[in-house]
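S.K.: There's a structure below that I have some questions on.
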Amino acid sequence: MHVINELKNIKNIKIAGLHGHFSTNGRRVTTYAQITQMLCNIVKEYQLPEIEYIDIGGGIYGEVPKSLVKNTPTFEEYAEAVCKIMNTEFNHYKNKPTLILEPGISMVANVFVFAAKVIGTNKVRDHKFVVVDGSVHNIKPVFNKKNLPIKFLRQSSGISRKKESFNIVGYTCMEKDYLAHDVNWYLPQVNDFIIFENVGAYTIVFNPPFI
Ligand SMILES: Cc1ncc(COP(=O)(O)O)c(C=O)c1O
């Protein structure tokens with residue numbers, strides 16, 4: 001924290017705000033309470049009574065399909081925890097600092113879907129593969145194994161009556177190009193569409209220029 005002391009000693013520099021952005025896997029309410037409390041403690045410890053804003057960054061959960069993560073906190077629960085601390089810590093301030101949030105994924109993840117067209121089906125030993133004209137890069141550039149929520153749009157009349165297990169793979173030559181693993185549904189046919197949901201964040205913008 002020597003930076004704060006150094007900045008305070010420079011004429012014409014005013015510390016207007018504190019910013020703490022952390023990405024965690026849990027995205028827990030308690031983590032955001034901790035970040036807020038830590039920033040408030042810095043204000044007290046380093047005597048920054050003219051602080052204008054406290055910025056607790058992004059990384060919170062938005063509306064997440066239950067099949068991806070169960071029991072995620074609501075916006076109200078985050079707000080309750082964070083604002084309780086802000087209100088307590090700055091209760092006696094004449095000019096209370098503004099609370100800033102930088103939500104990214106929580107705002108945009110569920111506003112986009114990706115529609116891929118089936119361009120082929122294969123069977124390799126006992127495994128069935130549905131090949132689409134998209135790639136894992138379009139929907140899961142971080143290659144996690146969890147399947148996104150999927151919908152099927154049939155164009156073909158010859159609907160298979162039996163549900164079976166298949167993988168959905170992309171058009172690239174990469175062995176890891178799996179858009180979904182072990183899906184159990186009626187086998188899609190060429191020209192059907194497969195809709196992958198919840199792809200509004202950290203997806204298309206990550207498309208590599210290769211392939
Ligand atoms: C400084 C900062 N704020 C906010 C965000 C948004 O984070 P998220 O999409 O996890 O909410 C990021 C993402 O990298 C960031 O670097």
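Starting from 1 in every chain, residues are counted up; chains themselves are A, B, ... following the order of the structure tokens, and ligands are numbered from 1 as listed.
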Got a sec to check which residues lie within 8 Å of ligand 1, using only C-alpha atoms and all ligand atoms, and send them as a PyMOL selection string?
M.R.: chain A and resi 21-23+57-61+101-107+201-202
S.K.: For the contact check between segment 46-83 of chain A and segment 147-169 of chain A, emit one row per residue of segment 46-83 of chain A within 8 Å, containing the shortest atom pair and the distance in Å rounded to one decimal, counting only C-alpha atoms, chain then rising number order, as a tab-separated table.
M.R.:
```
residue	atom	partner	partner_atom	distance
A:Pro65	CA	A:Pro149	CA	7.5
A:Ser67	CA	A:Pro149	CA	7.1
A:Leu68	CA	A:Leu148	CA	7.0
```
S.K.: Write out, as a PDB file, in the first residue's frame, the residues just selected, with N, CA and C atoms.
M.R.:
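That gives us out_3.pdb:
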```pdb
ATOM      1  N   PRO A  65     -28.634 -20.631 -16.286  1.00  0.00           N
ATOM      2  CA  PRO A  65     -29.472 -21.825 -16.383  1.00  0.00           C
ATOM      3  C   PRO A  65     -29.090 -22.833 -15.288  1.00  0.00           C
ATOM      4  N   SER A  67     -29.062 -25.896 -15.307  1.00  0.00           N
ATOM      5  CA  SER A  67     -28.253 -27.034 -15.756  1.00  0.00           C
ATOM      6  C   SER A  67     -26.763 -26.701 -15.734  1.00  0.00           C
ATOM      7  N   LEU A  68     -26.428 -25.417 -15.684  1.00  0.00           N
ATOM      8  CA  LEU A  68     -25.006 -25.029 -15.648  1.00  0.00           C
ATOM      9  C   LEU A  68     -24.511 -24.872 -14.215  1.00  0.00           C
TER      10      LEU A  68
END
```
S.K.: For Gly17 of chain A, which of A:Asn198, A:Asn207, A:Gln37, A:Thr98 is the closest residue, counting only C-alpha atoms?
M.R.: A:Thr98
S.K.: Closest to Val142 of chain A among A:Ile194, A:Cys173, A:Val199, A:Val113, using only C-alpha atoms?
M.R.: A:Val199
S.K.: Check the smallest atom-to-atom distance from each of A:Leu48, A:Leu39, A:Ile54, A:Met1 to Ile15 of chain A using only C-alpha atoms, then report the winner.
M.R.: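 Using only C-alpha atoms, the shortest distance to Ile15 of chain A belongs to A:Leu48.
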S.K.: Could you give me, as a ChimeraX atom specification, each residue of segment 6-161 of chain A that DSSP assigns to helix (DSSP H, G or I) when run on this structure's backbone?
M.R.: /A:6-8,29-45,75-89,105-111,136-139
S.K.: What does the distance from atom CA of Gly26 of chain A to atom CA of Ala115 of chain A come to in Å, to one decimal?
M.R.: 29.2 Å
